[in-house]
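Participant: Supplied structure: entry_13.tsv, TSV, C-alpha atoms.
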```tsv
chain	number	residue	atom	x	y	z
A	1	MET	CA	-44.43	-12.60	-41.39
A	2	ASN	CA	-42.27	-10.97	-38.80
A	3	ALA	CA	-40.57	-13.14	-36.15
A	4	ARG	CA	-41.90	-13.34	-32.63
A	5	LYS	CA	-40.42	-10.80	-30.32
A	6	PHE	CA	-39.11	-11.76	-26.91
A	7	ASN	CA	-41.60	-10.46	-24.34
A	8	TRP	CA	-39.19	-9.23	-21.67
A	9	THR	CA	-41.92	-7.61	-19.54
A	10	ILE	CA	-43.66	-10.95	-19.04
A	11	TRP	CA	-40.41	-12.77	-18.30
A	12	SER	CA	-39.18	-10.15	-15.84
A	13	GLY	CA	-42.60	-10.05	-14.17
A	14	PHE	CA	-42.49	-13.82	-13.78
A	15	LEU	CA	-38.91	-13.82	-12.44
A	16	LEU	CA	-39.74	-10.99	-10.06
A	17	SER	CA	-42.68	-12.93	-8.67
A	18	LEU	CA	-40.34	-15.88	-8.00
A	19	ILE	CA	-37.88	-13.53	-6.29
A	20	ALA	CA	-40.75	-11.99	-4.30
A	21	PHE	CA	-41.64	-15.47	-3.05
A	22	LEU	CA	-38.16	-16.84	-2.32
A	23	SER	CA	-36.80	-13.68	-0.76
A	24	TYR	CA	-39.10	-14.14	2.24
A	25	PRO	CA	-37.69	-17.41	3.64
A	26	PHE	CA	-34.14	-16.70	2.47
A	27	VAL	CA	-33.70	-12.98	3.08
A	28	PHE	CA	-36.47	-10.97	4.68
A	29	VAL	CA	-37.24	-13.44	7.45
A	30	TRP	CA	-33.90	-12.56	9.05
A	31	PHE	CA	-34.99	-8.99	9.73
A	32	PRO	CA	-37.87	-8.44	12.16
A	33	VAL	CA	-39.16	-5.37	10.25
A	34	THR	CA	-39.66	-7.34	7.04
A	35	ARG	CA	-40.53	-10.60	8.80
A	36	ASP	CA	-43.42	-9.80	11.11
A	37	PHE	CA	-45.40	-8.50	8.15
A	38	PRO	CA	-44.07	-9.37	4.65
A	39	TRP	CA	-44.59	-5.88	3.19
A	40	ALA	CA	-41.30	-6.02	1.26
A	41	ASN	CA	-42.45	-9.17	-0.52
A	42	LEU	CA	-45.91	-7.76	-1.22
A	43	LEU	CA	-44.21	-4.70	-2.74
A	44	LEU	CA	-42.13	-6.96	-5.02
A	45	PHE	CA	-45.30	-8.84	-6.00
A	46	ALA	CA	-46.98	-5.51	-6.83
A	47	LEU	CA	-44.05	-4.62	-9.13
A	48	ALA	CA	-44.23	-8.07	-10.70
A	49	ALA	CA	-47.98	-7.63	-11.26
A	50	ALA	CA	-47.37	-4.26	-12.98
A	51	LEU	CA	-44.83	-5.84	-15.35
A	52	LEU	CA	-47.17	-8.74	-16.06
A	53	VAL	CA	-50.08	-6.43	-16.85
A	54	VAL	CA	-47.91	-4.47	-19.29
A	55	GLY	CA	-46.63	-7.72	-20.80
A	56	VAL	CA	-50.09	-9.21	-21.26
A	57	ARG	CA	-51.36	-6.01	-22.87
A	58	ARG	CA	-48.42	-6.01	-25.28
A	59	THR	CA	-49.04	-9.60	-26.29
A	60	PHE	CA	-52.77	-9.23	-26.78
A	61	ALA	CA	-52.68	-5.77	-28.38
A	62	PRO	CA	-54.20	-5.50	-31.89
A	63	ASP	CA	-51.87	-6.49	-34.71
A	64	ARG	CA	-51.73	-2.99	-36.11
A	65	GLY	CA	-51.83	0.36	-34.41
A	66	PRO	CA	-50.03	3.61	-33.83
A	67	GLN	CA	-46.55	3.07	-32.48
A	68	ALA	CA	-43.68	5.33	-31.61
A	69	GLY	CA	-41.31	5.49	-34.57
A	70	PRO	CA	-38.24	7.59	-35.27
A	71	LEU	CA	-40.41	10.21	-36.97
A	72	GLY	CA	-43.26	10.26	-34.47
A	73	MET	CA	-46.27	7.98	-34.22
A	74	VAL	CA	-46.69	5.71	-37.22
A	75	ASP	CA	-49.24	3.08	-38.09
A	76	ARG	CA	-47.47	-0.20	-38.71
A	77	PRO	CA	-47.70	-3.86	-37.69
A	78	ARG	CA	-46.82	-4.52	-34.06
A	79	PRO	CA	-44.20	-7.11	-33.23
A	80	ARG	CA	-45.80	-10.47	-32.52
A	81	ARG	CA	-45.33	-12.10	-29.12
A	82	SER	CA	-46.18	-15.59	-28.08
A	83	LYS	CA	-49.66	-15.71	-26.59
A	84	ILE	CA	-49.06	-19.17	-25.12
A	85	ALA	CA	-45.86	-18.20	-23.32
A	86	THR	CA	-47.51	-15.05	-22.00
A	87	SER	CA	-50.52	-16.95	-20.69
A	88	ILE	CA	-48.42	-19.66	-19.04
A	89	LEU	CA	-46.02	-17.23	-17.37
A	90	ALA	CA	-48.83	-14.99	-16.16
A	91	ALA	CA	-50.70	-18.00	-14.75
A	92	PHE	CA	-47.54	-19.28	-13.01
A	93	SER	CA	-46.95	-15.86	-11.50
A	94	VAL	CA	-50.47	-15.72	-10.11
A	95	ALA	CA	-49.98	-19.24	-8.69
A	96	VAL	CA	-46.71	-18.20	-7.05
A	97	PHE	CA	-48.47	-15.22	-5.46
A	98	GLY	CA	-51.33	-17.45	-4.28
A	99	PHE	CA	-48.92	-19.93	-2.74
A	100	PHE	CA	-47.01	-17.13	-1.02
A	101	ILE	CA	-50.20	-15.78	0.56
A	102	PHE	CA	-51.24	-19.30	1.56
A	103	SER	CA	-47.90	-20.24	3.10
A	104	THR	CA	-47.23	-17.02	5.00
A	105	PHE	CA	-50.74	-16.07	6.10
A	106	ILE	CA	-52.43	-19.45	6.50
A	107	LEU	CA	-49.94	-22.34	6.70
A	108	ALA	CA	-47.53	-20.55	9.04
A	109	ARG	CA	-50.39	-19.71	11.40
A	110	ARG	CA	-51.73	-23.22	11.55
A	111	LEU	CA	-50.10	-23.84	14.92
A	112	PRO	CA	-51.85	-25.77	17.65
A	113	VAL	CA	-53.10	-23.57	20.48
A	114	SER	CA	-51.33	-24.41	23.70
A	115	HIS	CA	-53.67	-24.36	26.69
A	116	SER	CA	-51.53	-25.89	29.38
A	117	ALA	CA	-48.06	-24.59	28.62
A	118	PRO	CA	-46.43	-23.19	31.77
A	119	GLN	CA	-47.63	-19.62	32.32
A	120	ILE	CA	-46.08	-16.59	33.96
A	121	SER	CA	-45.44	-17.13	37.70
A	122	GLN	CA	-45.82	-20.92	37.31
A	123	LYS	CA	-42.91	-23.27	37.90
A	124	ALA	CA	-41.54	-24.80	34.70
A	125	PRO	CA	-41.69	-28.61	34.96
A	126	ASP	CA	-38.25	-30.17	35.45
A	127	PHE	CA	-36.94	-32.50	32.75
A	128	THR	CA	-33.81	-34.38	31.71
A	129	LEU	CA	-32.72	-34.50	28.06
A	130	SER	CA	-29.54	-35.36	26.15
A	131	ASP	CA	-27.22	-32.59	25.03
A	132	THR	CA	-25.27	-32.68	21.74
A	133	ASN	CA	-22.74	-35.09	23.28
A	134	GLY	CA	-25.51	-37.45	24.36
A	135	LYS	CA	-24.98	-36.49	28.01
A	136	PRO	CA	-28.19	-36.20	30.08
A	137	VAL	CA	-28.81	-32.67	31.36
A	138	SER	CA	-31.66	-31.64	33.66
A	139	LEU	CA	-33.38	-28.27	33.91
A	140	SER	CA	-32.46	-28.05	37.60
A	141	GLU	CA	-28.78	-28.51	36.70
A	142	LEU	CA	-29.06	-25.79	34.05
A	143	LEU	CA	-30.65	-23.46	36.62
A	144	ALA	CA	-27.81	-24.10	39.05
A	145	SER	CA	-24.71	-24.11	36.83
A	146	PRO	CA	-22.87	-20.78	36.55
A	147	VAL	CA	-23.11	-18.47	33.52
A	148	ASN	CA	-19.90	-16.50	32.85
A	149	GLY	CA	-18.60	-17.61	36.24
A	150	ASN	CA	-21.56	-16.16	38.16
A	151	ALA	CA	-24.69	-17.72	39.58
A	152	PRO	CA	-27.24	-17.76	36.71
A	153	LYS	CA	-30.11	-15.29	36.78
A	154	GLY	CA	-32.22	-17.52	34.65
A	155	VAL	CA	-32.64	-19.87	31.73
A	156	LEU	CA	-34.24	-19.11	28.38
A	157	LEU	CA	-35.99	-22.20	27.01
A	158	VAL	CA	-36.37	-22.02	23.24
A	159	PHE	CA	-38.54	-24.74	21.71
A	160	TYR	CA	-38.03	-24.92	17.95
A	161	ARG	CA	-39.32	-27.04	15.10
A	162	GLY	CA	-35.96	-28.59	14.33
A	163	TYR	CA	-34.10	-29.47	11.18
A	164	TRP	CA	-35.52	-32.99	10.97
B	1	MET	CA	-26.24	-14.76	22.15
B	2	ALA	CA	-23.22	-13.49	24.10
B	3	LYS	CA	-25.54	-10.74	25.33
B	4	PHE	CA	-27.63	-13.32	27.18
B	5	ALA	CA	-24.56	-14.56	29.04
B	6	GLU	CA	-23.75	-10.93	29.94
B	7	VAL	CA	-27.06	-10.61	31.77
B	8	GLY	CA	-26.63	-14.03	33.36
B	9	ILE	CA	-29.12	-15.92	31.20
B	10	ARG	CA	-28.43	-19.36	29.76
B	11	PRO	CA	-30.23	-19.97	26.45
B	12	VAL	CA	-31.29	-23.58	25.94
B	13	ALA	CA	-32.71	-24.81	22.64
B	14	ILE	CA	-34.99	-27.86	22.59
B	15	SER	CA	-36.28	-29.81	19.58
B	16	VAL	CA	-37.02	-33.36	18.46
B	17	ASP	CA	-33.69	-33.45	16.59
B	18	THR	CA	-31.25	-36.13	17.71
B	19	PRO	CA	-28.03	-35.06	19.46
B	20	GLU	CA	-26.15	-35.80	16.20
B	21	VAL	CA	-28.34	-33.50	14.11
B	22	SER	CA	-28.06	-30.75	16.73
B	23	ARG	CA	-24.30	-31.22	16.91
B	24	ASP	CA	-24.03	-30.69	13.14
B	25	LEU	CA	-26.17	-27.57	13.43
B	26	VAL	CA	-24.08	-26.22	16.32
B	27	GLN	CA	-20.86	-26.80	14.38
B	28	LYS	CA	-22.18	-25.33	11.14
B	29	ALA	CA	-23.71	-22.24	12.70
B	30	ASN	CA	-21.11	-21.89	15.46
B	31	TYR	CA	-23.77	-21.64	18.17
B	32	THR	CA	-22.57	-21.46	21.73
B	33	PHE	CA	-25.73	-22.28	23.63
B	34	THR	CA	-27.00	-25.58	24.95
B	35	PHE	CA	-28.98	-27.81	22.58
B	36	LEU	CA	-31.12	-30.56	24.04
B	37	SER	CA	-32.74	-33.42	22.17
B	38	ASP	CA	-36.27	-34.59	22.81
B	39	PRO	CA	-36.63	-37.18	20.01
B	40	LYS	CA	-39.78	-38.71	21.52
B	41	ALA	CA	-41.20	-35.25	22.27
B	42	ASP	CA	-41.80	-36.20	25.92
B	43	VAL	CA	-40.88	-32.79	27.32
B	44	ILE	CA	-42.48	-30.99	24.37
B	45	ARG	CA	-45.71	-32.88	25.16
B	46	ARG	CA	-45.42	-32.10	28.88
B	47	TYR	CA	-45.12	-28.40	28.02
B	48	ASP	CA	-48.17	-28.74	25.73
B	49	LEU	CA	-46.17	-27.62	22.69
B	50	LEU	CA	-46.69	-30.64	20.44
B	51	HIS	CA	-47.49	-29.91	16.81
B	52	THR	CA	-48.77	-33.29	15.67
B	53	GLY	CA	-47.62	-34.49	12.26
B	54	ALA	CA	-46.05	-31.16	11.29
B	55	GLY	CA	-42.57	-32.51	10.56
B	56	ILE	CA	-41.39	-33.04	7.01
B	57	ASP	CA	-42.12	-36.78	7.18
B	58	GLY	CA	-45.17	-36.23	9.34
B	59	GLN	CA	-43.38	-36.54	12.65
B	60	ASP	CA	-44.65	-34.80	15.75
B	61	ILE	CA	-42.53	-31.73	16.39
B	62	ALA	CA	-42.51	-28.74	18.72
B	63	ARG	CA	-44.44	-25.59	17.91
B	64	PRO	CA	-42.10	-22.61	18.39
B	65	ALA	CA	-42.21	-21.21	21.92
B	66	GLU	CA	-39.90	-19.32	24.27
B	67	PHE	CA	-39.93	-19.26	28.08
B	68	LEU	CA	-37.75	-17.10	30.30
B	69	LEU	CA	-37.29	-18.71	33.71
B	70	ASP	CA	-35.74	-17.06	36.73
B	71	SER	CA	-33.16	-18.91	38.83
B	72	SER	CA	-35.90	-20.64	40.84
B	73	GLY	CA	-37.33	-22.10	37.62
B	74	THR	CA	-40.41	-19.88	37.67
B	75	VAL	CA	-41.69	-18.62	34.31
B	76	ARG	CA	-41.22	-14.85	34.09
B	77	TRP	CA	-41.96	-14.29	30.42
B	78	VAL	CA	-43.45	-16.47	27.70
B	79	ASN	CA	-43.97	-16.18	23.97
B	80	LEU	CA	-46.25	-18.62	22.15
B	81	THR	CA	-46.14	-17.32	18.60
B	82	GLU	CA	-49.12	-17.72	16.30
B	83	ASN	CA	-46.98	-17.68	13.16
B	84	TYR	CA	-43.94	-19.90	12.87
B	85	TRP	CA	-41.99	-17.32	10.90
B	86	VAL	CA	-42.43	-14.79	13.69
B	87	ARG	CA	-40.27	-15.49	16.74
B	88	ALA	CA	-39.44	-13.44	19.79
B	89	ARG	CA	-36.80	-10.79	19.22
B	90	PRO	CA	-33.71	-11.09	21.40
B	91	GLU	CA	-34.06	-7.44	22.49
B	92	GLN	CA	-37.51	-8.16	23.94
B	93	ILE	CA	-36.15	-11.03	25.99
B	94	LEU	CA	-33.06	-9.10	27.11
B	95	GLU	CA	-35.31	-6.32	28.45
B	96	VAL	CA	-37.13	-8.79	30.66
B	97	ALA	CA	-33.90	-10.60	31.54
B	98	LYS	CA	-32.46	-7.37	32.99
B	99	THR	CA	-35.28	-7.29	35.55
B	100	LEU	CA	-34.38	-10.73	36.90
B	101	ARG	CA	-32.25	-11.05	40.02
```
How does the structure come out when it is put into structure tokens?
Facilitator:
Amino acid sequence: MNARKFNWTIWSGFLLSLIAFLSYPFVFVWFPVTRDFPWANLLLFALAAALLVVGVRRTFAPDRGPQAGPLGMVDRPRPRRSKIATSILAAFSVAVFGFFIFSTFILARRLPVSHSAPQISQKAPDFTLSDTNGKPVSLSELLASPVNGNAPKGVLLVFYRGYW
Amino acid sequence: MAKFAEVGIRPVAISVDTPEVSRDLVQKANYTFTFLSDPKADVIRRYDLLHTGAGIDGQDIARPAEFLLDSSGTVRWVNLTENYWVRARPEQILEVAKTLR
């Protein structure tokens, strides 16, 4: 009995699918070209899928068959690879891909539609909120206080989800 | 962000974070613009930007949105994204900002 051979294609396919997932929130989201549509991540997933397919075929190939040897193709037993590890890693990779698609294409778009947000040419409602020093600041003050020593041309209100 | 000041625009960030949380963020990221806290989401609700139960512990938070106001407080440009990863690009806003007087 020959020892089980480490199936590097399956492992690298699995690791690549993890990288393909994590690189979106940590890397590609910082660049508008790779953020607005996650093509870079889908490309990485495609590479991961190719490695996984090769890995699965290697694991589940027949025990004997022609293989490249030093003197050309020879018929000899193939190295054995763990079928369980292959199946688990392949299944995990598919799950990672599924979760990526779900989180970027479905979860991220599950935002409530805003019907009565102020629209172009409407006045933005005034408000007073605390700044980082706990000091109350109103929108009308922000619209009146100078920017770079000049009268401000405007205010950009950025509502964000927060760090919780 | 300095580019906004160059064209006379003051960026103001608003979230449900407390002043303390925002202060940590400002110090860590070295942000120079104004951060305002709306812990009860009163203003967020008034602007119809409430995303109910979307916070990590199920709090109500703001959906991402950007408004460019002119000096009279009138909305001149608005972006209500449909995907929370996808936000307005600063260049887009700067283009509009240059048309303001």
Participant: Any chance you could tabulate, as a tab-separated table, the residues of chain A at most 8 Å from chain B with each one's nearest atom pair and distance in Å to one decimal, using all atoms listed in the file, in chain and rising number order?
Facilitator:
```
residue	atom	partner	partner_atom	distance
A:Val29	CA	B:Trp85	CA	7.0
A:Pro32	CA	B:Arg89	CA	7.5
A:Arg35	CA	B:Val86	CA	6.7
A:Asp36	CA	B:Val86	CA	5.7
A:Thr104	CA	B:Trp85	CA	7.9
A:Ala108	CA	B:Asn83	CA	5.1
A:Arg109	CA	B:Asn83	CA	4.3
A:Arg110	CA	B:Asn83	CA	7.5
A:Leu111	CA	B:Glu82	CA	6.3
A:Pro112	CA	B:His51	CA	6.1
A:Ser114	CA	B:Asp48	CA	5.7
A:His115	CA	B:Asp48	CA	7.1
A:Ser116	CA	B:Asp48	CA	5.7
A:Ala117	CA	B:Tyr47	CA	4.8
A:Pro118	CA	B:Tyr47	CA	6.6
A:Gln119	CA	B:Val75	CA	6.3
A:Ile120	CA	B:Val75	CA	4.8
A:Ser121	CA	B:Val75	CA	5.3
A:Gln122	CA	B:Thr74	CA	5.5
A:Lys123	CA	B:Thr74	CA	4.2
A:Ala124	CA	B:Gly73	CA	5.8
A:Pro125	CA	B:Tyr47	CA	7.7
A:Phe127	CA	B:Val43	CA	6.7
A:Leu129	CA	B:Leu36	CA	5.9
A:Ser130	CA	B:Ser37	CA	5.5
A:Asp131	CA	B:Leu36	CA	4.5
A:Thr132	CA	B:Pro19	CA	4.3
A:Asn133	CA	B:Pro19	CA	6.5
A:Gly134	CA	B:Pro19	CA	6.0
A:Val137	CA	B:Leu36	CA	8.0
A:Ser140	CA	B:Gly73	CA	7.7
A:Leu142	CA	B:Arg10	CA	7.8
A:Leu143	CA	B:Ser71	CA	5.6
A:Ala144	CA	B:Ser71	CA	7.5
A:Val147	CA	B:Gly8	CA	5.7
A:Asn148	CA	B:Ala5	CA	6.3
A:Asn150	CA	B:Gly8	CA	7.3
A:Ala151	CA	B:Gly8	CA	7.5
A:Pro152	CA	B:Gly8	CA	5.1
A:Lys153	CA	B:Gly8	CA	5.0
A:Gly154	CA	B:Asp70	CA	4.1
A:Val155	CA	B:Arg10	CA	4.7
A:Leu156	CA	B:Leu68	CA	4.5
A:Leu157	CA	B:Val12	CA	5.0
A:Val158	CA	B:Glu66	CA	4.6
A:Phe159	CA	B:Ile14	CA	4.8
A:Tyr160	CA	B:Pro64	CA	4.7
A:Arg161	CA	B:Ala62	CA	5.1
A:Gly162	CA	B:Ser15	CA	5.4
A:Tyr163	CA	B:Asp17	CA	6.7
A:Trp164	CA	B:Asp17	CA	5.9
```
Participant: Measure the distance from atom CA of A:Asp75 to atom CA of A:Arg58 in Å and round it to one decimal.
Facilitator: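 So the answer is 15.7 Å.
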Participant: One number please: atom CA of A:Arg4 to atom CA of A:Val94, in Å, one decimal.
Facilitator: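 Computing the Euclidean distance for atom CA of A:Arg4 and atom CA of A:Val94 yields 24.2 Å.
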Participant: Quick check, in Å to one decimal: how far apart do atom CA of A:Phe99 and atom CA of A:Phe6 lie?
Facilitator: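 Separation between atom CA of A:Phe99 and atom CA of A:Phe6: 27.3 Å.
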Participant: Within 12 Å of A:Asp63, counting all atoms listed in the file, which residues show up once you throw out same-chain ones fewer than 5 positions away? Write them as a list in words, please.
Facilitator: Met1, Asn2, Arg57, Arg58, Asp75, Arg76, Pro77, Arg78, Pro79, Arg80 and Arg81 of chain A
Participant: Taking all atoms listed in the file into account, name the residue in A:Val74, A:Ala68, A:Ala90, A:Ile84 that is nearest to A:Ala50.
Facilitator: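 Ranking A:Val74, A:Ala68, A:Ala90, A:Ile84 by distance to A:Ala50, first place goes to A:Ala90.
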Participant: Neighbours of A:Ile88 within 12 Å (all atoms listed in the file; same-chain residues fewer than 6 positions away dropped), as number ranges by chain?
Facilitator: A: 10-11, 14, 52, 56, 82, 94-95
Participant: Take stretch 74-88 of chain B, model N, CA, C and O atoms, and hand the result over as a CSV table (one decimal), in the frame of the given file.
Facilitator:
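Saved file result_22.csv follows:
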```
chain,number,residue,atom,x,y,z
B,74,THR,N,-39.1,-20.4,37.9
B,74,THR,CA,-40.4,-19.9,37.7
B,74,THR,C,-40.4,-19.1,36.4
B,74,THR,O,-39.5,-18.4,36.0
B,75,VAL,N,-41.5,-19.3,35.6
B,75,VAL,CA,-41.7,-18.6,34.3
B,75,VAL,C,-41.9,-17.1,34.6
B,75,VAL,O,-42.8,-16.7,35.3
B,76,ARG,N,-41.1,-16.3,33.9
B,76,ARG,CA,-41.2,-14.8,34.1
B,76,ARG,C,-41.7,-14.2,32.8
B,76,ARG,O,-42.1,-13.0,32.8
B,77,TRP,N,-41.6,-14.9,31.7
B,77,TRP,CA,-42.0,-14.3,30.4
B,77,TRP,C,-42.2,-15.5,29.5
B,77,TRP,O,-41.4,-16.5,29.6
B,78,VAL,N,-43.2,-15.4,28.6
B,78,VAL,CA,-43.4,-16.5,27.7
B,78,VAL,C,-43.9,-15.9,26.4
B,78,VAL,O,-44.6,-14.9,26.3
B,79,ASN,N,-43.5,-16.6,25.3
B,79,ASN,CA,-44.0,-16.2,24.0
B,79,ASN,C,-44.4,-17.4,23.2
B,79,ASN,O,-43.6,-18.3,22.9
B,80,LEU,N,-45.7,-17.5,22.9
B,80,LEU,CA,-46.2,-18.6,22.2
B,80,LEU,C,-46.7,-18.0,20.8
B,80,LEU,O,-47.8,-17.5,20.7
B,81,THR,N,-45.8,-18.0,19.8
B,81,THR,CA,-46.1,-17.3,18.6
B,81,THR,C,-47.3,-18.0,17.9
B,81,THR,O,-47.6,-19.2,18.0
B,82,GLU,N,-48.0,-17.2,17.1
B,82,GLU,CA,-49.1,-17.7,16.3
B,82,GLU,C,-48.7,-17.9,14.8
B,82,GLU,O,-49.5,-18.4,14.0
B,83,ASN,N,-47.5,-17.6,14.5
B,83,ASN,CA,-47.0,-17.7,13.2
B,83,ASN,C,-45.5,-18.2,13.2
B,83,ASN,O,-44.7,-17.5,13.9
B,84,TYR,N,-45.3,-19.3,12.6
B,84,TYR,CA,-43.9,-19.9,12.9
B,84,TYR,C,-42.8,-19.1,12.3
B,84,TYR,O,-41.6,-19.4,12.6
B,85,TRP,N,-43.1,-18.2,11.4
B,85,TRP,CA,-42.0,-17.3,10.9
B,85,TRP,C,-41.6,-16.3,12.0
B,85,TRP,O,-40.5,-15.8,12.0
B,86,VAL,N,-42.6,-15.9,12.8
B,86,VAL,CA,-42.4,-14.8,13.7
B,86,VAL,C,-42.0,-15.3,15.1
B,86,VAL,O,-42.8,-15.9,15.7
B,87,ARG,N,-40.8,-15.1,15.4
B,87,ARG,CA,-40.3,-15.5,16.7
B,87,ARG,C,-40.0,-14.3,17.6
B,87,ARG,O,-39.9,-13.2,17.1
B,88,ALA,N,-39.8,-14.5,18.9
B,88,ALA,CA,-39.4,-13.4,19.8
B,88,ALA,C,-38.1,-12.8,19.4
B,88,ALA,O,-37.2,-13.4,18.8
```
